[in-house]
file structure-v3.txt (compact mmCIF, C-alpha atoms)
# COMPACT_ATOMS: atom_id res chain seq x y z
CA MET A 18 68.02 146.61 100.47
CA LYS A 19 70.88 147.98 102.54
CA HIS A 20 70.85 151.76 103.04
CA ILE A 21 73.97 153.37 101.62
CA GLU A 22 74.86 156.90 102.59
CA LEU A 23 76.32 158.82 99.67
CA HIS A 24 78.72 161.59 100.45
CA ALA A 25 79.21 164.93 98.72
CA VAL A 26 79.04 165.06 94.96
CA PHE A 27 81.32 167.65 93.36
CA TYR A 28 81.08 168.82 89.80
CA TYR A 29 84.24 170.53 88.62
CA ASN A 30 84.02 172.99 85.81
CA ARG A 31 86.95 175.28 85.19
CA ASP A 32 84.46 178.13 84.67
CA MET A 33 83.13 177.59 88.20
CA GLY A 34 86.47 178.20 89.84
CA LYS A 35 87.63 176.35 92.93
CA LYS A 36 85.80 173.69 94.87
CA ASN A 37 83.72 175.08 97.75
CA ASP A 38 83.40 171.88 99.78
CA LYS A 39 86.62 171.79 101.81
CA THR A 40 85.62 168.58 103.63
CA ALA A 41 85.85 166.21 100.65
CA GLU A 42 89.32 164.92 99.92
CA LYS A 43 90.80 165.56 96.50
CA THR A 44 92.64 162.64 94.93
CA ASN A 45 95.58 162.82 92.54
CA VAL A 46 93.22 161.87 89.69
CA MET A 47 91.02 164.88 90.47
CA ARG A 48 94.04 167.21 90.68
CA LEU A 49 95.28 165.96 87.29
CA LEU A 50 91.84 166.45 85.72
CA GLU A 51 91.64 169.98 87.12
CA GLN A 52 95.16 170.83 85.93
CA ALA A 53 94.13 169.75 82.43
CA GLY A 54 90.90 171.78 82.62
CA ILE A 55 88.78 168.65 82.26
CA ARG A 56 85.21 168.72 83.52
CA TYR A 57 84.38 165.87 85.86
CA GLU A 58 81.91 164.85 88.48
CA GLU A 59 83.08 163.26 91.73
CA PHE A 60 81.15 160.59 93.59
CA THR A 61 82.12 159.23 96.97
CA TYR A 62 80.76 156.30 98.93
CA GLY A 63 81.41 154.71 102.29
CA PRO A 64 83.38 151.56 103.10
CA GLU A 65 80.22 149.49 103.55
CA VAL A 66 79.88 149.35 99.75
CA GLY A 67 83.16 147.46 99.26
CA THR A 68 85.14 147.36 96.02
CA ASN A 69 82.89 145.33 93.73
CA GLY A 70 82.18 147.59 90.76
CA VAL A 71 78.58 146.49 90.31
CA ASP A 72 77.87 147.22 93.98
CA VAL A 73 79.55 150.62 93.63
CA ALA A 74 77.48 151.46 90.52
CA ASN A 75 74.26 150.44 92.27
CA ALA A 76 75.13 152.35 95.45
CA LEU A 77 75.78 155.48 93.40
CA GLY A 78 72.58 155.02 91.38
CA GLN A 79 74.55 154.70 88.14
CA ASP A 80 73.97 152.50 85.10
CA VAL A 81 76.51 149.65 85.35
CA ASN A 82 77.14 150.00 81.61
CA HIS A 83 78.71 153.42 82.27
CA VAL A 84 80.89 152.35 85.19
CA TYR A 85 84.29 150.90 84.29
CA LYS A 86 87.04 149.04 86.11
CA THR A 87 90.75 149.38 85.45
CA LEU A 88 92.69 146.13 85.09
CA VAL A 89 96.46 145.84 84.88
CA THR A 90 98.01 142.87 83.09
CA THR A 91 101.38 141.46 82.12
CA GLY A 92 102.07 140.18 78.62
CA LYS A 93 104.19 137.13 77.80
CA SER A 94 106.91 139.63 76.82
CA GLY A 95 106.87 141.10 80.35
CA THR A 96 105.26 144.35 79.18
CA HIS A 97 102.39 145.72 81.28
CA TYR A 98 99.07 146.77 79.80
CA VAL A 99 95.98 148.50 81.19
CA PHE A 100 92.46 147.52 80.16
CA VAL A 101 89.36 149.50 81.10
CA ILE A 102 86.11 147.54 80.84
CA PRO A 103 82.53 147.78 82.17
CA VAL A 104 82.37 146.63 85.80
CA ALA A 105 79.81 143.89 85.10
CA ASP A 106 81.95 142.32 82.36
CA GLU A 107 84.94 140.00 82.39
CA LEU A 108 88.15 140.67 80.48
CA ASP A 109 88.67 138.20 77.64
CA LEU A 110 92.39 137.51 77.97
CA LYS A 111 92.69 136.20 74.39
CA LYS A 112 91.03 139.27 72.89
CA ALA A 113 93.10 141.54 75.12
CA ALA A 114 96.36 139.80 74.15
CA SER A 115 95.48 140.00 70.47
CA THR A 116 94.64 143.70 70.81
CA VAL A 117 98.10 144.53 72.17
CA GLY A 118 100.02 142.08 69.95
CA GLU A 119 100.95 139.61 72.68
CA LYS A 120 100.74 135.81 72.52
CA SER A 121 99.12 135.82 75.96
CA ILE A 122 98.52 138.06 78.94
CA GLU A 123 97.70 137.44 82.57
CA MET A 124 96.31 139.58 85.35
CA LEU A 125 98.91 141.36 87.44
CA LYS A 126 99.22 139.88 90.93
CA SER A 127 97.52 142.06 93.54
CA LYS A 128 100.74 142.49 95.57
CA GLU A 129 102.47 143.92 92.47
CA LEU A 130 99.79 146.54 91.75
CA LEU A 131 100.80 149.21 94.30
CA PRO A 132 104.55 149.24 93.57
CA LEU A 133 103.92 149.28 89.81
CA THR A 134 101.03 151.74 89.53
CA GLY A 135 100.77 153.58 92.84
CA TYR A 136 97.22 152.26 93.26
CA ILE A 137 95.68 149.49 95.34
CA HIS A 138 93.08 146.94 94.25
CA GLY A 139 89.70 148.68 94.14
CA GLY A 140 91.23 152.12 93.72
CA CYS A 141 93.10 151.74 90.43
CA SER A 142 92.45 154.47 87.86
CA PRO A 143 93.64 154.77 84.25
CA ILE A 144 94.74 158.33 85.12
CA GLY A 145 97.76 159.09 87.28
CA MET A 146 99.67 155.81 87.39
CA LYS A 147 103.36 156.02 88.32
CA LYS A 148 104.19 155.59 84.64
CA PHE A 149 102.18 155.27 81.47
CA PHE A 150 101.21 151.81 80.24
CA GLY A 151 99.53 151.00 76.94
CA THR A 152 95.83 151.48 77.68
CA THR A 153 92.87 149.97 75.86
CA VAL A 154 89.28 150.88 76.72
CA HIS A 155 86.33 148.68 75.84
CA LYS A 156 84.72 149.89 72.62
CA THR A 157 81.36 150.63 74.27
CA ALA A 158 82.82 153.66 76.06
CA LYS A 159 83.45 155.47 72.79
CA GLU A 160 79.72 155.45 72.06
CA GLN A 161 78.73 156.88 75.45
CA ASP A 162 78.37 160.46 76.66
CA TYR A 163 80.17 159.62 79.89
CA MET A 164 82.01 156.92 81.75
CA MET A 165 82.86 156.49 85.41
CA PHE A 166 85.94 154.88 86.92
CA SER A 167 87.95 154.96 90.12
CA GLY A 168 89.06 158.37 91.30
CA GLY A 169 92.32 156.78 92.45
CA LYS A 170 91.24 155.75 95.92
CA ILE A 171 88.65 153.33 97.29
CA GLY A 172 85.46 155.28 97.90
CA TYR A 173 85.98 157.73 95.03
CA GLN A 174 84.68 157.63 91.46
CA VAL A 175 84.97 160.23 88.72
CA LYS A 176 82.65 160.74 85.79
CA VAL A 177 84.14 162.09 82.55
CA SER A 178 83.45 161.94 78.86
CA PRO A 179 85.48 159.37 76.88
CA ALA A 180 86.75 162.25 74.71
CA ASP A 181 88.12 163.96 77.82
CA LEU A 182 89.77 160.73 78.97
CA GLU A 183 91.49 160.66 75.56
CA LYS A 184 92.90 164.12 76.35
CA MET A 185 94.41 162.76 79.58
CA ILE A 186 95.96 159.50 78.35
CA ARG A 187 96.78 157.83 75.04
CA LEU A 188 94.35 154.99 74.54
CA ASN A 189 92.81 152.66 72.01
CA TYR A 190 89.33 151.19 71.85
CA ALA A 191 88.64 147.50 71.25
CA ASP A 192 86.26 144.66 72.02
CA LEU A 193 87.77 143.28 75.24
CA THR A 194 85.08 141.33 77.05
CA VAL A 195 83.83 137.75 77.11

call {"tool": "encode", "arguments": {"input": "structure-v3.txt", "output": "C-alpha cells"}}
result
Amino acid sequence: MKHIELHAVFYYNRDMGKKNDKTAEKTNVMRLLEQAGIRYEEFTYGPEVGTNGVDVANALGQDVNHVYKTLVTTGKSGTHYVFVIPVADELDLKKAASTVGEKSIEMLKSKELLPLTGYIHGGCSPIGMKKFFGTTVHKTAKEQDYMMFSGGKIGYQVKVSPADLEKMIRLNYADLTV
C-alpha cells in the first residue's frame, strides 16, 4: 500500500474562534461555511492521491459511503443541474432526469465546468458555485450524521452534516444511483 501523507486537519467551530494554523490555505467553500457559522472539518491530501473519490476517501481513512462527489449536468432543456452522490456510485441519468423533470440529461463537458461553476474537475463543490443550480443529493446522505465533499479545490475536502448543507444551499434528496 502506498504511503499517503495527510496534511493538517482543521475543525472549525464558531465557538472556537479563528483558525490557528496559518499554513493551511482556506478555500472559498470554507470561508462561506464560516460566514454562515457552520461547523465543518477540513481534510487535505497531497497530489499523489489524484482526484478519484474512492482513492481520496481511502487516503483520508474515511468510509466511502460518507464521501460524495459533485456532478454537473445539462438537461435537454439546456438547464444545468447539480447532483451529489457517493463517490463509489454512478449517477443514473434516467433517475436524475426524472427527479428534475427533464426528458434526459447528460454530463457537462469538462471544458465547460470552470466557466460555468468556477470549479475544475476534481475540485467541484456544491457550495460556492458562480451561480446556484438546482441541486439534488442522493437520499443516503439524509440518513447520515455527516458527509464529505470537495472543499472547492483539489486536495481539500470538508465534512459537514447534511442538515448544515441544507442551510447553505437549497437541495432535494432522491435516489440517484445505478

call {"tool": "closest_residue", "arguments": {"input": "structure-v3.txt", "among": "A:Leu130, A:Thr194, A:Glu119, A:Gly172", "to": "A:Val66", "atoms": "only C-alpha atoms"}}
result
A:Gly172

call {"tool": "residues_around", "arguments": {"input": "structure-v3.txt", "residues": "A:Ala158", "least_positions_apart": "4", "cutoff": "10 Å", "atoms": "all atoms listed in the file", "output": "list in words"}}
result
Asn82, His83, Val84, Tyr85, Val101, Ile102, Pro103, Val154, Asp162, Tyr163, Met164, Met165, Ser178, Pro179, Ala180, Tyr190 and Ala191 of chain A

call {"tool": "write_last_selection", "arguments": {"input": "structure-v3.txt", "atoms": "C-alpha atoms", "output": "compact mmCIF listing (two decimals), in the frame of the given file"}}
result
# COMPACT_ATOMS: atom_id res chain seq x y z
CA ASN A 82 77.14 150.00 81.61
CA HIS A 83 78.71 153.42 82.27
CA VAL A 84 80.89 152.35 85.19
CA TYR A 85 84.29 150.90 84.29
CA VAL A 101 89.36 149.50 81.10
CA ILE A 102 86.11 147.54 80.84
CA PRO A 103 82.53 147.78 82.17
CA VAL A 154 89.28 150.88 76.72
CA ASP A 162 78.37 160.46 76.66
CA TYR A 163 80.17 159.62 79.89
CA MET A 164 82.01 156.92 81.75
CA MET A 165 82.86 156.49 85.41
CA SER A 178 83.45 161.94 78.86
CA PRO A 179 85.48 159.37 76.88
CA ALA A 180 86.75 162.25 74.71
CA TYR A 190 89.33 151.19 71.85
CA ALA A 191 88.64 147.50 71.25

call {"tool": "atom_distance", "arguments": {"input": "structure-v3.txt", "atom1": "atom CA of A:Ser94", "atom2": "atom CA of A:Thr116"}}
result
14.3 Å

call {"tool": "closest_residue", "arguments": {"input": "structure-v3.txt", "among": "A:Thr87, A:Ser121, A:Gln174, A:Ser115", "to": "A:Thr152", "atoms": "only C-alpha atoms"}}
result
A:Thr87

call {"tool": "residues_around", "arguments": {"input": "structure-v3.txt", "residues": "A:Val71", "least_positions_apart": "3", "cutoff": "7 Å", "atoms": "only C-alpha atoms", "output": "number ranges by chain"}}
result
A: 74-75, 81, 104-105

call {"tool": "residues_around", "arguments": {"input": "structure-v3.txt", "residues": "A:Val117", "least_positions_apart": "4", "cutoff": "10 Å", "atoms": "all atoms listed in the file", "output": "PDB file with C-alpha atoms, keeping the file's coordinate frame"}}
result
ATOM      1  CA  GLY A  92     102.070 140.180  78.620  1.00  0.00           C
ATOM      2  CA  TYR A  98      99.070 146.770  79.800  1.00  0.00           C
ATOM      3  CA  LYS A 112      91.030 139.270  72.890  1.00  0.00           C
ATOM      4  CA  ALA A 113      93.100 141.540  75.120  1.00  0.00           C
ATOM      5  CA  SER A 121      99.120 135.820  75.960  1.00  0.00           C
ATOM      6  CA  ILE A 122      98.520 138.060  78.940  1.00  0.00           C
ATOM      7  CA  GLY A 151      99.530 151.000  76.940  1.00  0.00           C
ATOM      8  CA  THR A 152      95.830 151.480  77.680  1.00  0.00           C
ATOM      9  CA  THR A 153      92.870 149.970  75.860  1.00  0.00           C
ATOM     10  CA  ASN A 189      92.810 152.660  72.010  1.00  0.00           C
ATOM     11  CA  ALA A 191      88.640 147.500  71.250  1.00  0.00           C
TER      12      ALA A 191
END

call {"tool": "residues_near_point", "arguments": {"input": "structure-v3.txt", "point": "(90.9, 153.7, 84.4)", "cutoff": "7 Å", "atoms": "all atoms listed in the file", "output": "JSON, numbers by chain"}}
result
{"A": [86, 87, 101, 141, 142, 143, 144, 166, 167]}

call {"tool": "write_last_selection", "arguments": {"input": "structure-v3.txt", "atoms": "C-alpha atoms", "output": "PDB file, in the frame of the given file"}}
result
ATOM      1  CA  LYS A  86      87.040 149.040  86.110  1.00  0.00           C
ATOM      2  CA  THR A  87      90.750 149.380  85.450  1.00  0.00           C
ATOM      3  CA  VAL A 101      89.360 149.500  81.100  1.00  0.00           C
ATOM      4  CA  CYS A 141      93.100 151.740  90.430  1.00  0.00           C
ATOM      5  CA  SER A 142      92.450 154.470  87.860  1.00  0.00           C
ATOM      6  CA  PRO A 143      93.640 154.770  84.250  1.00  0.00           C
ATOM      7  CA  ILE A 144      94.740 158.330  85.120  1.00  0.00           C
ATOM      8  CA  PHE A 166      85.940 154.880  86.920  1.00  0.00           C
ATOM      9  CA  SER A 167      87.950 154.960  90.120  1.00  0.00           C
TER      10      SER A 167
END

call {"tool": "closest_residue", "arguments": {"input": "structure-v3.txt", "among": "A:Gly78, A:Gly95, A:His155, A:Ile171", "to": "A:Leu108", "atoms": "all atoms listed in the file"}}
result
A:His155

call {"tool": "decode", "arguments": {"input": "structure-v3.txt", "residues": "stretch 128-143 of chain A", "atoms": "all heavy atoms", "output": "PDB file, in the first residue's frame"}}
result
ATOM      1  N   LYS A 128     -14.569  20.842 -20.151  1.00  0.00           N
ATOM      2  CA  LYS A 128     -14.095  22.182 -20.514  1.00  0.00           C
ATOM      3  C   LYS A 128     -15.118  23.264 -20.173  1.00  0.00           C
ATOM      4  O   LYS A 128     -14.767  24.435 -20.071  1.00  0.00           O
ATOM      5  CB  LYS A 128     -13.719  22.248 -21.997  1.00  0.00           C
ATOM      6  CG  LYS A 128     -14.882  22.086 -22.941  1.00  0.00           C
ATOM      7  CD  LYS A 128     -14.443  22.143 -24.386  1.00  0.00           C
ATOM      8  CE  LYS A 128     -15.669  22.011 -25.290  1.00  0.00           C
ATOM      9  NZ  LYS A 128     -15.309  22.055 -26.684  1.00  0.00           N
ATOM     10  N   GLU A 129     -16.383  22.889 -19.965  1.00  0.00           N
ATOM     11  CA  GLU A 129     -17.432  23.851 -19.636  1.00  0.00           C
ATOM     12  C   GLU A 129     -17.587  24.051 -18.122  1.00  0.00           C
ATOM     13  O   GLU A 129     -18.264  24.984 -17.686  1.00  0.00           O
ATOM     14  CB  GLU A 129     -18.766  23.393 -20.226  1.00  0.00           C
ATOM     15  CG  GLU A 129     -18.772  23.314 -21.744  1.00  0.00           C
ATOM     16  CD  GLU A 129     -20.035  22.684 -22.308  1.00  0.00           C
ATOM     17  OE1 GLU A 129     -20.982  22.396 -21.535  1.00  0.00           O
ATOM     18  OE2 GLU A 129     -20.076  22.472 -23.524  1.00  0.00           O
ATOM     19  N   LEU A 130     -16.975  23.180 -17.336  1.00  0.00           N
ATOM     20  CA  LEU A 130     -17.166  23.209 -15.884  1.00  0.00           C
ATOM     21  C   LEU A 130     -16.630  24.496 -15.245  1.00  0.00           C
ATOM     22  O   LEU A 130     -17.349  25.164 -14.500  1.00  0.00           O
ATOM     23  CB  LEU A 130     -16.511  21.984 -15.238  1.00  0.00           C
ATOM     24  CG  LEU A 130     -16.794  21.779 -13.759  1.00  0.00           C
ATOM     25  CD1 LEU A 130     -18.283  21.574 -13.498  1.00  0.00           C
ATOM     26  CD2 LEU A 130     -16.002  20.592 -13.238  1.00  0.00           C
ATOM     27  N   LEU A 131     -15.396  24.862 -15.523  1.00  0.00           N
ATOM     28  CA  LEU A 131     -14.800  26.042 -14.902  1.00  0.00           C
ATOM     29  C   LEU A 131     -15.539  27.330 -15.247  1.00  0.00           C
ATOM     30  O   LEU A 131     -15.911  28.083 -14.337  1.00  0.00           O
ATOM     31  CB  LEU A 131     -13.314  26.147 -15.262  1.00  0.00           C
ATOM     32  CG  LEU A 131     -12.580  27.362 -14.675  1.00  0.00           C
ATOM     33  CD1 LEU A 131     -12.605  27.344 -13.156  1.00  0.00           C
ATOM     34  CD2 LEU A 131     -11.143  27.391 -15.189  1.00  0.00           C
ATOM     35  N   PRO A 132     -15.824  27.607 -16.532  1.00  0.00           N
ATOM     36  CA  PRO A 132     -16.540  28.857 -16.824  1.00  0.00           C
ATOM     37  C   PRO A 132     -17.944  28.916 -16.212  1.00  0.00           C
ATOM     38  O   PRO A 132     -18.406  29.978 -15.827  1.00  0.00           O
ATOM     39  CB  PRO A 132     -16.635  28.890 -18.350  1.00  0.00           C
ATOM     40  CG  PRO A 132     -15.740  27.833 -18.863  1.00  0.00           C
ATOM     41  CD  PRO A 132     -15.447  26.896 -17.743  1.00  0.00           C
ATOM     42  N   LEU A 133     -18.594  27.762 -16.101  1.00  0.00           N
ATOM     43  CA  LEU A 133     -19.961  27.724 -15.581  1.00  0.00           C
ATOM     44  C   LEU A 133     -20.014  27.799 -14.061  1.00  0.00           C
ATOM     45  O   LEU A 133     -20.832  28.516 -13.492  1.00  0.00           O
ATOM     46  CB  LEU A 133     -20.667  26.449 -16.064  1.00  0.00           C
ATOM     47  CG  LEU A 133     -22.123  26.318 -15.660  1.00  0.00           C
ATOM     48  CD1 LEU A 133     -22.985  27.336 -16.400  1.00  0.00           C
ATOM     49  CD2 LEU A 133     -22.626  24.903 -15.935  1.00  0.00           C
ATOM     50  N   THR A 134     -19.136  27.039 -13.383  1.00  0.00           N
ATOM     51  CA  THR A 134     -19.234  26.902 -11.932  1.00  0.00           C
ATOM     52  C   THR A 134     -18.143  27.621 -11.152  1.00  0.00           C
ATOM     53  O   THR A 134     -18.313  27.917  -9.968  1.00  0.00           O
ATOM     54  CB  THR A 134     -19.170  25.414 -11.521  1.00  0.00           C
ATOM     55  OG1 THR A 134     -17.867  24.900 -11.843  1.00  0.00           O
ATOM     56  CG2 THR A 134     -20.249  24.598 -12.211  1.00  0.00           C
ATOM     57  N   GLY A 135     -16.997  27.846 -11.801  1.00  0.00           N
ATOM     58  CA  GLY A 135     -15.841  28.384 -11.084  1.00  0.00           C
ATOM     59  C   GLY A 135     -14.965  27.290 -10.515  1.00  0.00           C
ATOM     60  O   GLY A 135     -13.953  27.569  -9.867  1.00  0.00           O
ATOM     61  N   TYR A 136     -15.321  26.043 -10.745  1.00  0.00           N
ATOM     62  CA  TYR A 136     -14.566  24.896 -10.238  1.00  0.00           C
ATOM     63  C   TYR A 136     -14.014  24.065 -11.384  1.00  0.00           C
ATOM     64  O   TYR A 136     -14.575  24.042 -12.479  1.00  0.00           O
ATOM     65  CB  TYR A 136     -15.465  23.997  -9.381  1.00  0.00           C
ATOM     66  CG  TYR A 136     -15.886  24.620  -8.076  1.00  0.00           C
ATOM     67  CD1 TYR A 136     -17.220  24.738  -7.746  1.00  0.00           C
ATOM     68  CD2 TYR A 136     -14.944  25.077  -7.160  1.00  0.00           C
ATOM     69  CE1 TYR A 136     -17.622  25.296  -6.535  1.00  0.00           C
ATOM     70  CE2 TYR A 136     -15.330  25.644  -5.950  1.00  0.00           C
ATOM     71  CZ  TYR A 136     -16.670  25.744  -5.647  1.00  0.00           C
ATOM     72  OH  TYR A 136     -17.045  26.291  -4.455  1.00  0.00           O
ATOM     73  N   ILE A 137     -12.916  23.323 -11.069  1.00  0.00           N
ATOM     74  CA  ILE A 137     -12.360  22.402 -12.046  1.00  0.00           C
ATOM     75  C   ILE A 137     -12.736  20.973 -11.663  1.00  0.00           C
ATOM     76  O   ILE A 137     -13.126  20.708 -10.523  1.00  0.00           O
ATOM     77  CB  ILE A 137     -10.820  22.535 -12.156  1.00  0.00           C
ATOM     78  CG1 ILE A 137     -10.135  22.198 -10.826  1.00  0.00           C
ATOM     79  CG2 ILE A 137     -10.435  23.921 -12.639  1.00  0.00           C
ATOM     80  CD1 ILE A 137      -8.625  22.070 -10.918  1.00  0.00           C
ATOM     81  N   HIS A 138     -12.606  20.063 -12.621  1.00  0.00           N
ATOM     82  CA  HIS A 138     -12.888  18.647 -12.374  1.00  0.00           C
ATOM     83  C   HIS A 138     -12.010  18.158 -11.220  1.00  0.00           C
ATOM     84  O   HIS A 138     -10.812  18.375 -11.204  1.00  0.00           O
ATOM     85  CB  HIS A 138     -12.603  17.833 -13.647  1.00  0.00           C
ATOM     86  CG  HIS A 138     -12.801  16.372 -13.457  1.00  0.00           C
ATOM     87  ND1 HIS A 138     -14.055  15.802 -13.409  1.00  0.00           N
ATOM     88  CD2 HIS A 138     -11.919  15.365 -13.281  1.00  0.00           C
ATOM     89  CE1 HIS A 138     -13.924  14.510 -13.222  1.00  0.00           C
ATOM     90  NE2 HIS A 138     -12.642  14.213 -13.141  1.00  0.00           N
ATOM     91  N   GLY A 139     -12.626  17.523 -10.233  1.00  0.00           N
ATOM     92  CA  GLY A 139     -11.910  17.037  -9.066  1.00  0.00           C
ATOM     93  C   GLY A 139     -11.937  18.011  -7.904  1.00  0.00           C
ATOM     94  O   GLY A 139     -11.538  17.671  -6.797  1.00  0.00           O
ATOM     95  N   GLY A 140     -12.409  19.226  -8.152  1.00  0.00           N
ATOM     96  CA  GLY A 140     -12.473  20.227  -7.092  1.00  0.00           C
ATOM     97  C   GLY A 140     -13.821  20.905  -7.033  1.00  0.00           C
ATOM     98  O   GLY A 140     -13.964  21.980  -6.465  1.00  0.00           O
ATOM     99  N   CYS A 141     -14.836  20.275  -7.624  1.00  0.00           N
ATOM    100  CA  CYS A 141     -16.173  20.867  -7.691  1.00  0.00           C
ATOM    101  C   CYS A 141     -16.940  20.597  -6.396  1.00  0.00           C
ATOM    102  O   CYS A 141     -17.021  19.465  -5.942  1.00  0.00           O
ATOM    103  CB  CYS A 141     -16.923  20.292  -8.899  1.00  0.00           C
ATOM    104  SG  CYS A 141     -18.450  21.160  -9.270  1.00  0.00           S
ATOM    105  N   SER A 142     -17.491  21.641  -5.826  1.00  0.00           N
ATOM    106  CA  SER A 142     -18.234  21.553  -4.571  1.00  0.00           C
ATOM    107  C   SER A 142     -19.660  22.048  -4.786  1.00  0.00           C
ATOM    108  O   SER A 142     -19.878  22.949  -5.600  1.00  0.00           O
ATOM    109  CB  SER A 142     -17.558  22.434  -3.516  1.00  0.00           C
ATOM    110  OG  SER A 142     -18.281  22.409  -2.309  1.00  0.00           O
ATOM    111  N   PRO A 143     -20.636  21.507  -4.051  1.00  0.00           N
ATOM    112  CA  PRO A 143     -21.998  22.019  -4.172  1.00  0.00           C
ATOM    113  C   PRO A 143     -22.153  23.419  -3.569  1.00  0.00           C
ATOM    114  O   PRO A 143     -23.131  24.108  -3.830  1.00  0.00           O
ATOM    115  CB  PRO A 143     -22.848  20.997  -3.420  1.00  0.00           C
ATOM    116  CG  PRO A 143     -21.908  20.347  -2.458  1.00  0.00           C
ATOM    117  CD  PRO A 143     -20.557  20.364  -3.126  1.00  0.00           C
TER     118      PRO A 143
END
